[in-house]
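Peer 1: My file is coords-v9.cif. It has mmCIF, C-alpha atoms:
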```cif
data_structure
loop_
_atom_site.label_atom_id
_atom_site.label_comp_id
_atom_site.auth_asym_id
_atom_site.auth_seq_id
_atom_site.Cartn_x
_atom_site.Cartn_y
_atom_site.Cartn_z
CA MET A 1 -5.66 -15.25 7.96
CA LYS A 2 -2.68 -13.06 8.85
CA ALA A 3 -2.60 -9.41 9.87
CA SER A 4 -0.27 -6.78 8.41
CA TYR A 5 0.30 -3.34 9.89
CA LEU A 6 0.57 -0.51 7.36
CA GLY A 7 3.42 1.71 8.54
CA ALA A 8 1.95 5.00 7.35
CA MET A 9 4.15 7.16 9.61
CA GLY A 10 1.49 9.87 9.56
CA TYR A 11 2.48 13.33 10.74
CA ALA A 12 1.24 13.71 14.32
CA GLN A 13 -0.54 17.01 13.63
CA ARG A 14 -2.08 15.93 10.34
CA TYR A 15 -5.47 17.07 11.64
CA ASN A 16 -4.22 20.64 11.06
CA PHE A 17 -3.58 20.08 7.36
CA PRO A 18 -5.69 21.85 4.76
CA THR A 19 -7.99 19.77 2.57
CA THR A 20 -5.52 19.98 -0.30
CA TRP A 21 -3.02 17.91 -2.16
CA PRO A 22 -0.10 18.44 -2.13
CA ILE A 23 0.39 19.54 1.48
CA PRO A 24 2.37 22.80 1.52
CA PRO A 25 5.76 22.26 3.22
CA ILE A 26 5.07 25.22 5.49
CA TYR A 27 2.95 22.85 7.61
CA HIS A 28 6.06 20.82 8.47
CA ASP A 29 7.66 21.27 11.88
CA PRO A 30 10.95 19.35 12.30
CA GLU A 31 10.41 18.45 15.95
CA THR A 32 6.90 17.17 15.27
CA SER A 33 8.10 15.26 12.24
CA VAL A 34 10.89 13.47 14.11
CA ARG A 35 8.44 12.53 16.87
CA SER A 36 5.92 11.30 14.31
CA TYR A 37 8.37 8.86 12.75
CA GLN A 38 9.44 7.58 16.16
CA GLU A 39 5.80 7.03 17.09
CA GLY A 40 5.19 5.26 13.78
CA ILE A 41 8.11 2.91 14.38
CA GLU A 42 6.81 2.25 17.90
CA GLU A 43 3.45 1.29 16.41
CA CYS A 44 5.15 -1.17 14.03
CA GLU A 45 7.11 -2.72 16.89
CA PHE A 46 4.00 -3.05 19.04
CA ALA A 47 2.03 -4.57 16.16
CA GLU A 48 4.71 -7.26 15.82
CA GLU A 49 4.59 -7.83 19.57
CA MET A 50 0.80 -8.26 19.43
CA GLY A 51 1.02 -10.90 16.70
CA PHE A 52 0.94 -9.04 13.37
CA GLU A 53 3.03 -11.15 10.98
CA TRP A 54 3.65 -8.46 8.35
CA VAL A 55 4.55 -4.77 8.44
CA SER A 56 3.96 -2.97 5.15
CA PHE A 57 5.16 0.21 3.47
CA SER A 58 3.78 2.14 0.53
CA GLU A 59 5.14 4.98 -1.59
CA HIS A 60 3.15 8.21 -1.38
CA HIS A 61 4.27 11.74 -2.13
CA TYR A 62 3.65 15.27 -0.90
CA SER A 63 1.33 14.22 1.93
CA GLY A 64 1.94 13.85 5.63
CA ARG A 65 -0.90 11.37 6.05
CA ILE A 66 1.25 8.56 4.62
CA ALA A 67 4.68 10.13 4.96
CA THR A 68 6.79 7.54 3.15
CA GLY A 69 7.89 9.02 -0.16
CA THR A 70 10.93 6.70 -0.06
CA PRO A 71 9.44 3.53 1.43
CA ALA A 72 12.65 1.46 1.20
CA VAL A 73 14.34 3.86 3.63
CA MET A 74 11.47 3.51 6.08
CA ALA A 75 11.36 -0.25 5.67
CA ALA A 76 15.08 -0.54 6.43
CA ALA A 77 14.68 1.49 9.63
CA VAL A 78 11.74 -0.58 10.85
CA ALA A 79 13.41 -3.85 9.90
CA GLU A 80 16.11 -3.12 12.46
CA ARG A 81 13.45 -2.87 15.18
CA CYS A 82 11.06 -5.59 13.99
CA LYS A 83 13.03 -8.84 13.83
CA LYS A 84 10.29 -11.37 13.04
CA ALA A 85 7.62 -9.75 10.88
CA LYS A 86 7.70 -9.90 7.09
CA ILE A 87 8.68 -6.54 5.60
CA ALA A 88 6.14 -6.02 2.84
CA MET A 89 6.95 -3.40 0.22
CA LEU A 90 3.41 -2.80 -1.02
CA GLY A 91 5.12 -0.87 -2.38
CA HIS A 92 7.08 1.13 -4.95
CA LEU A 93 5.16 3.12 -7.56
CA LEU A 94 6.89 1.67 -10.60
CA THR A 95 5.69 4.29 -13.06
CA LEU A 96 7.57 6.96 -11.07
CA ASN A 97 10.81 5.07 -10.54
CA ASN A 98 13.82 3.63 -12.31
CA PRO A 99 13.07 -0.12 -12.24
CA VAL A 100 16.76 -1.04 -11.89
CA ARG A 101 17.05 1.21 -8.83
CA VAL A 102 13.93 -0.44 -7.40
CA ALA A 103 15.45 -3.88 -8.00
CA GLU A 104 18.60 -2.79 -6.17
CA GLU A 105 16.58 -1.54 -3.20
CA LEU A 106 14.55 -4.75 -3.05
CA GLY A 107 17.62 -6.96 -3.23
CA LEU A 108 19.26 -4.97 -0.45
CA LEU A 109 16.15 -5.10 1.74
CA ASP A 110 15.89 -8.86 1.38
CA ASN A 111 19.50 -9.10 2.57
CA LEU A 112 19.03 -6.67 5.45
CA THR A 113 16.02 -8.66 6.64
CA ASN A 114 17.60 -12.07 6.01
CA GLY A 115 14.87 -13.09 3.62
CA ARG A 116 11.78 -11.47 5.16
CA LEU A 117 10.86 -9.30 2.17
CA VAL A 118 7.51 -9.37 0.36
CA ILE A 119 7.34 -7.35 -2.88
CA GLY A 120 4.29 -5.54 -4.25
CA PHE A 121 4.01 -3.92 -7.68
CA LEU A 122 1.56 -1.06 -8.10
CA ARG A 123 0.75 1.96 -10.17
CA GLY A 124 -0.71 4.26 -7.51
CA THR A 125 -3.53 6.76 -7.33
CA PRO A 126 -4.04 9.37 -10.10
CA ASN A 127 -2.57 12.25 -8.09
CA GLU A 128 0.78 10.41 -7.91
CA ASP A 129 1.21 10.82 -11.68
CA GLN A 130 1.76 14.53 -11.09
CA THR A 131 4.61 14.01 -8.63
CA TYR A 132 7.32 13.56 -11.27
CA SER A 133 5.22 14.65 -14.28
CA VAL A 134 4.61 11.15 -15.62
CA ASN A 135 2.26 10.94 -18.58
CA PRO A 136 -0.80 9.10 -17.20
CA SER A 137 -1.51 7.51 -20.58
CA GLU A 138 1.80 5.62 -20.35
CA GLY A 139 1.32 4.33 -16.84
CA ARG A 140 -0.01 0.86 -17.55
CA GLU A 141 2.63 0.04 -20.17
CA ARG A 142 5.40 1.43 -17.96
CA LEU A 143 4.20 -0.75 -15.10
CA LEU A 144 4.17 -3.90 -17.22
CA GLU A 145 7.62 -3.24 -18.63
CA GLY A 146 8.95 -2.26 -15.22
CA MET A 147 7.73 -5.51 -13.66
CA ASP A 148 9.39 -7.55 -16.41
CA LEU A 149 12.65 -5.67 -15.93
CA ILE A 150 12.69 -6.02 -12.13
CA ILE A 151 11.98 -9.74 -12.25
CA LYS A 152 14.80 -10.26 -14.74
CA ALA A 153 17.16 -7.99 -12.80
CA LEU A 154 16.63 -10.02 -9.62
CA THR A 155 16.98 -13.43 -11.28
CA GLU A 156 19.43 -13.12 -14.19
CA PRO A 157 22.86 -14.48 -13.12
CA GLN A 158 24.78 -12.62 -15.83
CA PRO A 159 24.89 -8.94 -16.86
CA PHE A 160 22.36 -8.10 -19.56
CA SER A 161 21.18 -5.15 -21.61
CA TRP A 162 17.60 -3.92 -21.84
CA GLU A 163 16.04 -2.21 -24.83
CA GLY A 164 12.39 -1.62 -24.05
CA ARG A 165 9.87 0.98 -25.07
CA TYR A 166 10.29 3.07 -21.92
CA TYR A 167 13.54 1.82 -20.38
CA GLN A 168 16.93 1.31 -21.99
CA PHE A 169 20.02 0.12 -20.12
CA ARG A 170 23.31 -0.93 -21.67
CA THR A 171 24.26 -3.01 -18.63
CA VAL A 172 22.15 -4.40 -15.77
CA ALA A 173 23.84 -6.49 -13.05
CA VAL A 174 21.98 -6.00 -9.77
CA TRP A 175 23.79 -6.50 -6.46
CA PRO A 176 23.01 -7.92 -4.00
CA ARG A 177 20.87 -10.79 -5.18
CA PRO A 178 17.87 -11.62 -2.98
CA VAL A 179 18.33 -14.05 -0.11
CA GLN A 180 15.05 -15.74 -1.11
CA GLN A 181 15.66 -17.72 -4.28
CA PRO A 182 14.65 -17.48 -7.00
CA LEU A 183 12.60 -14.49 -5.82
CA PRO A 184 10.92 -13.09 -2.72
CA PRO A 185 7.11 -13.47 -2.70
CA MET A 186 5.52 -10.99 -5.10
CA VAL A 187 2.02 -9.60 -5.49
CA VAL A 188 0.50 -7.21 -8.02
CA ALA A 189 -1.79 -4.54 -6.60
CA THR A 190 -4.48 -4.14 -9.24
CA ARG A 191 -8.10 -4.44 -10.28
CA SER A 192 -7.54 -4.15 -14.05
CA ASP A 193 -7.86 -7.18 -16.31
CA ASP A 194 -4.48 -6.87 -18.01
CA MET A 195 -2.64 -6.71 -14.69
CA LEU A 196 -4.67 -9.60 -13.30
CA HIS A 197 -3.75 -11.65 -16.34
CA TYR A 198 -0.07 -10.70 -15.95
CA ALA A 199 -0.08 -11.74 -12.29
CA ALA A 200 -1.72 -15.07 -13.08
CA GLU A 201 0.64 -15.83 -15.97
CA HIS A 202 3.72 -15.04 -13.88
CA LYS A 203 2.46 -16.87 -10.78
CA LEU A 204 2.36 -13.67 -8.75
CA GLY A 205 -0.08 -12.93 -5.97
CA LEU A 206 -2.90 -10.38 -5.92
CA ALA A 207 -3.40 -7.33 -3.73
CA VAL A 208 -6.55 -5.23 -3.72
CA SER A 209 -6.99 -2.02 -1.74
CA PHE A 210 -9.87 -0.12 -0.17
CA VAL A 211 -12.85 -1.59 -2.05
CA PRO A 212 -15.93 -3.35 -0.66
CA VAL A 213 -15.88 -7.11 -0.38
CA ASP A 214 -18.20 -7.66 -3.35
CA GLN A 215 -15.90 -5.67 -5.65
CA MET A 216 -12.84 -7.60 -4.53
CA ALA A 217 -14.73 -10.86 -5.00
CA ARG A 218 -15.34 -10.00 -8.68
CA VAL A 219 -11.66 -9.19 -9.16
CA ALA A 220 -10.56 -12.35 -7.37
CA GLU A 221 -12.89 -14.50 -9.45
CA LYS A 222 -11.21 -13.36 -12.68
CA TYR A 223 -7.76 -13.78 -11.17
CA TYR A 224 -8.44 -17.32 -9.93
CA ALA A 225 -9.81 -18.29 -13.35
CA TRP A 226 -6.65 -17.06 -15.10
CA CYS A 227 -4.47 -18.79 -12.50
CA ASP A 228 -6.32 -22.01 -13.26
CA GLU A 229 -5.67 -21.51 -16.98
CA ALA A 230 -1.97 -21.03 -16.15
CA GLY A 231 -1.96 -24.32 -14.24
CA TRP A 232 -1.57 -23.17 -10.65
CA GLN A 233 -3.53 -21.78 -7.70
CA PRO A 234 -2.30 -19.11 -5.26
CA THR A 235 -1.78 -19.76 -1.57
CA PRO A 236 -3.68 -17.68 1.01
CA ASP A 237 -0.59 -15.51 1.63
CA GLN A 238 -0.71 -14.49 -2.04
CA ILE A 239 -4.12 -12.83 -1.68
CA VAL A 240 -3.79 -9.54 0.18
CA TYR A 241 -6.49 -7.03 1.05
CA ARG A 242 -5.48 -3.56 2.22
CA GLY A 243 -8.17 -1.72 4.13
CA SER A 244 -8.77 1.07 6.62
CA ILE A 245 -9.85 0.14 10.12
CA TYR A 246 -11.32 1.75 13.20
CA LEU A 247 -11.58 -0.70 16.08
CA ALA A 248 -13.35 0.17 19.32
CA GLU A 249 -14.41 -1.75 22.40
CA THR A 250 -17.99 -1.79 21.12
CA ASP A 251 -19.92 -1.03 17.95
CA LYS A 252 -21.59 1.88 19.73
CA GLN A 253 -18.24 3.50 20.51
CA ALA A 254 -17.13 3.09 16.90
CA GLU A 255 -20.31 4.71 15.62
CA ALA A 256 -19.84 7.64 18.01
CA TRP A 257 -16.32 8.16 16.68
CA LEU A 258 -17.57 8.11 13.10
CA GLU A 259 -20.23 10.70 13.86
CA GLY A 260 -17.51 12.91 15.31
CA VAL A 261 -15.44 12.60 12.15
CA LYS A 262 -18.45 13.49 10.02
CA ARG A 263 -19.12 16.59 12.10
CA ALA A 264 -15.48 17.65 11.72
CA GLY A 265 -15.93 17.98 7.96
CA PRO A 266 -13.55 17.21 5.07
CA VAL A 267 -10.55 15.06 5.85
CA PRO A 268 -7.36 17.13 6.10
CA GLY A 269 -4.62 16.30 3.62
CA GLY A 270 -6.65 14.11 1.29
CA ILE A 271 -5.43 12.76 -2.04
CA ALA A 272 -8.31 13.98 -4.19
CA MET A 273 -7.75 16.71 -6.77
CA GLN A 274 -9.82 19.36 -8.45
CA PRO A 275 -12.59 17.60 -10.42
CA ALA A 276 -11.25 18.83 -13.78
CA VAL A 277 -7.77 17.53 -13.00
CA SER A 278 -9.09 14.21 -11.80
CA ARG A 279 -11.27 13.74 -14.89
CA ALA A 280 -8.40 14.59 -17.23
CA ILE A 281 -5.99 12.17 -15.58
CA GLN A 282 -8.56 9.38 -15.45
CA ALA A 283 -9.23 9.92 -19.16
CA ALA A 284 -5.52 9.74 -19.94
CA ARG A 285 -5.15 6.57 -17.89
CA ALA A 286 -7.98 5.07 -19.94
CA GLY A 287 -6.25 6.03 -23.20
CA GLU A 288 -8.51 8.94 -24.07
CA ALA A 289 -7.40 12.37 -25.34
CA PHE A 290 -5.85 14.43 -22.60
CA ASP A 291 -4.19 17.82 -22.11
CA LEU A 292 -3.27 19.21 -18.70
CA ARG A 293 -1.48 22.34 -19.91
CA ASN A 294 -4.32 24.65 -19.01
CA ILE A 295 -5.42 22.88 -15.84
CA LEU A 296 -3.93 23.94 -12.52
CA ALA A 297 -3.45 21.16 -9.99
CA GLY A 298 -4.99 22.76 -6.99
CA GLY A 299 -7.17 22.24 -4.02
CA VAL A 300 -9.09 19.26 -2.97
CA GLN A 301 -12.43 19.28 -1.43
CA GLY A 302 -12.04 16.02 0.40
CA ASP A 303 -14.86 14.22 2.08
CA VAL A 304 -14.81 12.24 5.27
CA ALA A 305 -13.28 9.82 2.96
CA GLY A 306 -11.47 7.23 4.71
CA ALA A 307 -14.00 7.46 7.44
CA ALA A 308 -17.54 7.64 6.16
CA ARG A 309 -17.04 6.09 2.73
CA GLY A 310 -13.77 4.23 2.76
CA LEU A 311 -13.55 2.37 6.05
CA SER A 312 -13.21 -1.32 5.32
CA PHE A 313 -13.53 -2.47 8.91
CA MET A 314 -15.29 -0.63 11.70
CA GLY A 315 -16.86 -1.65 14.99
CA GLY A 316 -16.17 -3.72 18.06
CA PRO A 317 -14.03 -6.87 17.87
CA ASP A 318 -16.85 -9.28 17.04
CA THR A 319 -18.08 -7.10 14.19
CA VAL A 320 -14.60 -6.63 12.73
CA VAL A 321 -13.96 -10.38 12.88
CA LYS A 322 -17.13 -10.96 10.84
CA GLN A 323 -16.15 -8.27 8.33
CA MET A 324 -12.72 -9.85 7.84
CA LYS A 325 -14.20 -13.32 7.54
CA ALA A 326 -16.22 -12.07 4.58
CA PHE A 327 -13.03 -11.11 2.73
CA HIS A 328 -11.57 -14.52 3.53
CA ASP A 329 -14.65 -16.50 2.53
CA GLN A 330 -15.69 -14.51 -0.54
CA CYS A 331 -12.27 -13.45 -1.89
CA GLY A 332 -9.80 -15.96 -0.50
CA ALA A 333 -7.85 -13.19 1.28
CA GLY A 334 -5.17 -14.66 3.50
CA VAL A 335 -3.59 -11.37 4.59
CA VAL A 336 -5.31 -8.17 5.72
CA ASP A 337 -3.06 -5.11 5.53
CA LEU A 338 -4.50 -2.52 7.88
CA PHE A 339 -4.36 1.27 7.93
CA PHE A 340 -5.03 2.36 11.53
CA GLN A 341 -4.07 6.05 11.41
CA GLN A 342 -7.55 7.43 10.83
CA PRO A 343 -8.61 11.10 11.07
CA GLN A 344 -8.70 12.45 14.61
CA VAL A 345 -6.92 9.33 15.99
CA ASN A 346 -3.66 10.05 17.80
CA HIS A 347 -0.68 7.81 18.54
CA ARG A 348 -1.92 6.73 21.97
CA GLU A 349 -5.27 5.72 20.52
CA VAL A 350 -3.63 3.81 17.66
CA MET A 351 -1.60 1.87 20.21
CA GLN A 352 -4.80 1.04 22.10
CA GLU A 353 -6.40 -0.22 18.87
CA ILE A 354 -3.39 -2.40 18.07
CA LYS A 355 -3.56 -3.89 21.56
CA LEU A 356 -7.30 -4.55 21.27
CA PHE A 357 -6.85 -6.06 17.82
CA GLY A 358 -4.09 -8.36 19.01
CA ARG A 359 -6.12 -9.58 21.97
CA GLU A 360 -9.66 -9.73 20.62
CA VAL A 361 -9.50 -9.99 16.81
CA LEU A 362 -6.27 -11.67 15.77
CA PRO A 363 -6.82 -14.97 17.62
CA HIS A 364 -10.10 -15.42 15.74
CA ILE A 365 -8.95 -14.49 12.22
CA LYS A 366 -5.92 -16.77 12.55
CA GLU A 367 -8.39 -19.65 12.59
CA PHE A 368 -9.84 -18.81 9.18
#
```
Before we go any further, please render this structure as structure tokens.
Peer 2:
Amino acid sequence: MKASYLGAMGYAQRYNFPTTWPIPPIYHDPETSVRSYQEGIEECEFAEEMGFEWVSFSEHHYSGRIATGTPAVMAAAVAERCKKAKIAMLGHLLTLNNPVRVAEELGLLDNLTNGRLVIGFLRGTPNEDQTYSVNPSEGRERLLEGMDLIIKALTEPQPFSWEGRYYQFRTVAVWPRPVQQPLPPMVVATRSDDMLHYAAEHKLGLAVSFVPVDQMARVAEKYYAWCDEAGWQPTPDQIVYRGSIYLAETDKQAEAWLEGVKRAGPVPGGIAMQPAVSRAIQAARAGEAFDLRNILAGGVQGDVAGAARGLSFMGGPDTVVKQMKAFHDQCGAGVVDLFFQQPQVNHREVMQEIKLFGREVLPHIKEF
């Protein structure tokens, strides 16, 4: 099993954010922001030094908790400092982007990294649909068409036109072509059946985020069955689990930290929305009737979310090793992509966790 460090580039004073999404720009201080990105890059460098084989980036908007609205820019900056790790774009939110532009960014990144790129396709969380006013009911079809277009754009040797339902281009001729031929490794981040079937049919890997091991196991079981029908089986590197982690010297210390987070109350800068907004968007995503005209996208009453409910891995090294082994044994996960920047954890503490992980956890999970 390999470890991947999620380069969240969280704003250093994110603990001062309100429990709302989006985060009002008034909370941004330029000096703090510049320092936050430098600290984030330092964390990526140190993770590579400690044995992490991937560094990942993900597109999120209007939030300083994961401050990478343009992940390709961040990936390019880190790639100049991290010379060995895979640069995993896990990744662009295809429903929000021009797929040809995404293909151009991916081709360029694979050249800048001399063939170290890993590509991830994903739709994103419901709040992201509001960023550029995308109709949530179109998201799944846009994602499927966007994936088809990107794959063709990166592999077709001659200019071509595209006349799809959502995208129309008279001429597509992406430069530069990827270094990795015919394509860099690709995974689809999903839990839905149609996306699982697409990934299996196209011999793409699977990524699952922030769910318990039993839920991922059910998803992986369907995916493996469809891969078998398609006449192939994925390698361990093609099964990725993204999870949140809090690693301490002992289980007791981890539990004490968690109690402190609970006492602090709702997580600042969460991604949840007003219940009415969330219900409407979820209905639209499921193909049900939907109208947001009279619903204001406002405050979030977050919970201790990533902490109390959403932590995938928490405890001392021995406990975390066991937790990760469960994802390997029950789901076939060969890569764990880890979000370290938890609430109330500063840069110095993240660096300590990376060091502890590299010394006490990584040697064991590499043996899985």
Peer 1: With all atoms of region 65-81 of chain A from the file as input, state the centre and edge lengths in Å to one decimal of the axis-aligned box that has 5 Å extra on each side, as AutoDock Vina command-line options.
Peer 2:
```
--center_x 7.6 --center_y 3.8 --center_z 7.5 --size_x 27.0 --size_y 25.2 --size_z 25.3
```
Peer 1: Return the single residue from A:His60, A:Arg14, A:His364, A:Lys2 that is closest to Val267 (chain A), with distances computed using all atoms listed in the file.
Peer 2: A:Arg14
Peer 1: Please indicate the distance in Å from CA of Tyr241 (chain A) to CA of Gly334 (chain A), rounded to one decimal place.
Peer 2: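 Interatomic distance, CA of Tyr241 (chain A) to CA of Gly334 (chain A): 8.1 Å.
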Peer 1: For CA of Leu143 (chain A) and CA of Ala85 (chain A), determine how far apart the two atoms are, in Å to one decimal place.
Peer 2: 27.7 Å
Peer 1: Please write as a list in words the full residue list that the PyMOL selection byres ((chain A and resi 15) around 8) yields on this file.
Peer 2: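 So the PyMOL selection byres ((chain A and resi 15) around 8) ends up selecting Ala12, Gln13, Arg14, Asn16, Phe17, Val267, Pro268, Pro343 and Gln344 of chain A.
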Peer 1: Using all atoms listed in the file, find each residue in region 56-80 of chain A having at least one atom no more than 12 Å away from region 118-129 of chain A; report its shortest atom-to-atom pair and that distance in Å (one decimal), rows by chain then rising number, as a tab-separated table.
Peer 2:
```
residue	atom	partner	partner_atom	distance
A:Ser56	CA	A:Val118	CA	8.7
A:Phe57	CA	A:Gly120	CA	9.7
A:Ser58	CA	A:Gly120	CA	9.1
A:Glu59	CA	A:Gly124	CA	8.4
A:His60	CA	A:Glu128	CA	7.3
A:His61	CA	A:Glu128	CA	6.9
A:Tyr62	CA	A:Glu128	CA	9.0
A:Ser63	CA	A:Glu128	CA	10.6
A:Gly69	CA	A:Glu128	CA	10.6
A:Pro71	CA	A:Gly120	CA	11.9
A:Ala72	CA	A:Ile119	CA	11.1
A:Ala75	CA	A:Val118	CA	11.2
```
Peer 1: Selection from above, C-alpha atoms, as a PDB file, in the frame of the given file, can you write it?
Peer 2:
```pdb
ATOM      1  CA  SER A  56       3.960  -2.970   5.150  1.00  0.00           C
ATOM      2  CA  PHE A  57       5.160   0.210   3.470  1.00  0.00           C
ATOM      3  CA  SER A  58       3.780   2.140   0.530  1.00  0.00           C
ATOM      4  CA  GLU A  59       5.140   4.980  -1.590  1.00  0.00           C
ATOM      5  CA  HIS A  60       3.150   8.210  -1.380  1.00  0.00           C
ATOM      6  CA  HIS A  61       4.270  11.740  -2.130  1.00  0.00           C
ATOM      7  CA  TYR A  62       3.650  15.270  -0.900  1.00  0.00           C
ATOM      8  CA  SER A  63       1.330  14.220   1.930  1.00  0.00           C
ATOM      9  CA  GLY A  69       7.890   9.020  -0.160  1.00  0.00           C
ATOM     10  CA  PRO A  71       9.440   3.530   1.430  1.00  0.00           C
ATOM     11  CA  ALA A  72      12.650   1.460   1.200  1.00  0.00           C
ATOM     12  CA  ALA A  75      11.360  -0.250   5.670  1.00  0.00           C
TER      13      ALA A  75
END
```
Peer 1: A:Gln181, A:Ser4, A:Thr155, A:Ser161: which is nearest Lys86 (chain A), counting only C-alpha atoms?
Peer 2: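 Of A:Gln181, A:Ser4, A:Thr155, A:Ser161, the one nearest Lys86 (chain A) is A:Ser4, counting only C-alpha atoms.
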Peer 1: Looking at A:Val345, A:Ala77, A:Ile151, A:Leu6, which one is nearest to Gly91 (chain A), with distances taken over only C-alpha atoms?
Peer 2: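 For Gly91 (chain A), the nearest of the given residues is A:Leu6.
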Peer 1: Leaving out region 314-324 of chain A and any residue of its chain fewer than 2 positions from it, which residues lie within 8 Å of it when counting all atoms listed in the file, given as a PDB file with C-alpha atoms, in the coordinates of the input?
Peer 2:
```pdb
ATOM      1  CA  ILE A 245      -9.850   0.140  10.120  1.00  0.00           C
ATOM      2  CA  TYR A 246     -11.320   1.750  13.200  1.00  0.00           C
ATOM      3  CA  LEU A 247     -11.580  -0.700  16.080  1.00  0.00           C
ATOM      4  CA  ALA A 248     -13.350   0.170  19.320  1.00  0.00           C
ATOM      5  CA  GLU A 249     -14.410  -1.750  22.400  1.00  0.00           C
ATOM      6  CA  THR A 250     -17.990  -1.790  21.120  1.00  0.00           C
ATOM      7  CA  ASP A 251     -19.920  -1.030  17.950  1.00  0.00           C
ATOM      8  CA  LYS A 252     -21.590   1.880  19.730  1.00  0.00           C
ATOM      9  CA  GLN A 253     -18.240   3.500  20.510  1.00  0.00           C
ATOM     10  CA  ALA A 254     -17.130   3.090  16.900  1.00  0.00           C
ATOM     11  CA  GLU A 255     -20.310   4.710  15.620  1.00  0.00           C
ATOM     12  CA  LEU A 311     -13.550   2.370   6.050  1.00  0.00           C
ATOM     13  CA  SER A 312     -13.210  -1.320   5.320  1.00  0.00           C
ATOM     14  CA  ALA A 326     -16.220 -12.070   4.580  1.00  0.00           C
ATOM     15  CA  PHE A 327     -13.030 -11.110   2.730  1.00  0.00           C
ATOM     16  CA  HIS A 328     -11.570 -14.520   3.530  1.00  0.00           C
ATOM     17  CA  VAL A 336      -5.310  -8.170   5.720  1.00  0.00           C
ATOM     18  CA  LEU A 356      -7.300  -4.550  21.270  1.00  0.00           C
ATOM     19  CA  PHE A 357      -6.850  -6.060  17.820  1.00  0.00           C
ATOM     20  CA  GLU A 360      -9.660  -9.730  20.620  1.00  0.00           C
ATOM     21  CA  VAL A 361      -9.500  -9.990  16.810  1.00  0.00           C
ATOM     22  CA  HIS A 364     -10.100 -15.420  15.740  1.00  0.00           C
ATOM     23  CA  ILE A 365      -8.950 -14.490  12.220  1.00  0.00           C
TER      24      ILE A 365
END
```
Peer 1: Keeping N, CA and C atoms (and nothing else), can you write region 213-228 of chain A of this structure as a PDB file, in the first residue's frame?
Peer 2:
```pdb
ATOM      1  N   VAL A 213     -15.188   1.806   5.846  1.00  0.00           N
ATOM      2  CA  VAL A 213     -14.631   0.701   5.063  1.00  0.00           C
ATOM      3  C   VAL A 213     -15.717  -0.215   4.511  1.00  0.00           C
ATOM      4  N   ASP A 214     -16.793  -0.438   5.264  1.00  0.00           N
ATOM      5  CA  ASP A 214     -17.835  -1.340   4.776  1.00  0.00           C
ATOM      6  C   ASP A 214     -18.552  -0.755   3.553  1.00  0.00           C
ATOM      7  N   GLN A 215     -18.725   0.580   3.531  1.00  0.00           N
ATOM      8  CA  GLN A 215     -19.355   1.209   2.372  1.00  0.00           C
ATOM      9  C   GLN A 215     -18.455   1.129   1.146  1.00  0.00           C
ATOM     10  N   MET A 216     -17.166   1.370   1.340  1.00  0.00           N
ATOM     11  CA  MET A 216     -16.260   1.250   0.192  1.00  0.00           C
ATOM     12  C   MET A 216     -16.201  -0.189  -0.301  1.00  0.00           C
ATOM     13  N   ALA A 217     -16.267  -1.140   0.611  1.00  0.00           N
ATOM     14  CA  ALA A 217     -16.214  -2.548   0.203  1.00  0.00           C
ATOM     15  C   ALA A 217     -17.380  -2.896  -0.713  1.00  0.00           C
ATOM     16  N   ARG A 218     -18.576  -2.357  -0.428  1.00  0.00           N
ATOM     17  CA  ARG A 218     -19.736  -2.628  -1.291  1.00  0.00           C
ATOM     18  C   ARG A 218     -19.545  -2.010  -2.671  1.00  0.00           C
ATOM     19  N   VAL A 219     -18.979  -0.801  -2.697  1.00  0.00           N
ATOM     20  CA  VAL A 219     -18.706  -0.146  -3.983  1.00  0.00           C
ATOM     21  C   VAL A 219     -17.663  -0.945  -4.764  1.00  0.00           C
ATOM     22  N   ALA A 220     -16.593  -1.332  -4.081  1.00  0.00           N
ATOM     23  CA  ALA A 220     -15.509  -2.054  -4.745  1.00  0.00           C
ATOM     24  C   ALA A 220     -15.978  -3.403  -5.285  1.00  0.00           C
ATOM     25  N   GLU A 221     -16.885  -4.050  -4.563  1.00  0.00           N
ATOM     26  CA  GLU A 221     -17.387  -5.344  -5.018  1.00  0.00           C
ATOM     27  C   GLU A 221     -18.081  -5.221  -6.372  1.00  0.00           C
ATOM     28  N   LYS A 222     -18.924  -4.181  -6.529  1.00  0.00           N
ATOM     29  CA  LYS A 222     -19.587  -3.959  -7.818  1.00  0.00           C
ATOM     30  C   LYS A 222     -18.561  -3.657  -8.907  1.00  0.00           C
ATOM     31  N   TYR A 223     -17.620  -2.791  -8.572  1.00  0.00           N
ATOM     32  CA  TYR A 223     -16.609  -2.390  -9.546  1.00  0.00           C
ATOM     33  C   TYR A 223     -15.791  -3.586 -10.020  1.00  0.00           C
ATOM     34  N   TYR A 224     -15.328  -4.409  -9.096  1.00  0.00           N
ATOM     35  CA  TYR A 224     -14.536  -5.588  -9.467  1.00  0.00           C
ATOM     36  C   TYR A 224     -15.347  -6.535 -10.355  1.00  0.00           C
ATOM     37  N   ALA A 225     -16.634  -6.674 -10.053  1.00  0.00           N
ATOM     38  CA  ALA A 225     -17.478  -7.560 -10.866  1.00  0.00           C
ATOM     39  C   ALA A 225     -17.581  -7.045 -12.295  1.00  0.00           C
ATOM     40  N   TRP A 226     -17.770  -5.728 -12.455  1.00  0.00           N
ATOM     41  CA  TRP A 226     -17.857  -5.164 -13.802  1.00  0.00           C
ATOM     42  C   TRP A 226     -16.505  -5.216 -14.513  1.00  0.00           C
ATOM     43  N   CYS A 227     -15.417  -5.047 -13.769  1.00  0.00           N
ATOM     44  CA  CYS A 227     -14.090  -5.201 -14.386  1.00  0.00           C
ATOM     45  C   CYS A 227     -13.915  -6.625 -14.910  1.00  0.00           C
ATOM     46  N   ASP A 228     -14.373  -7.588 -14.141  1.00  0.00           N
ATOM     47  CA  ASP A 228     -14.268  -8.980 -14.567  1.00  0.00           C
ATOM     48  C   ASP A 228     -15.076  -9.212 -15.852  1.00  0.00           C
TER      49      ASP A 228
END
```
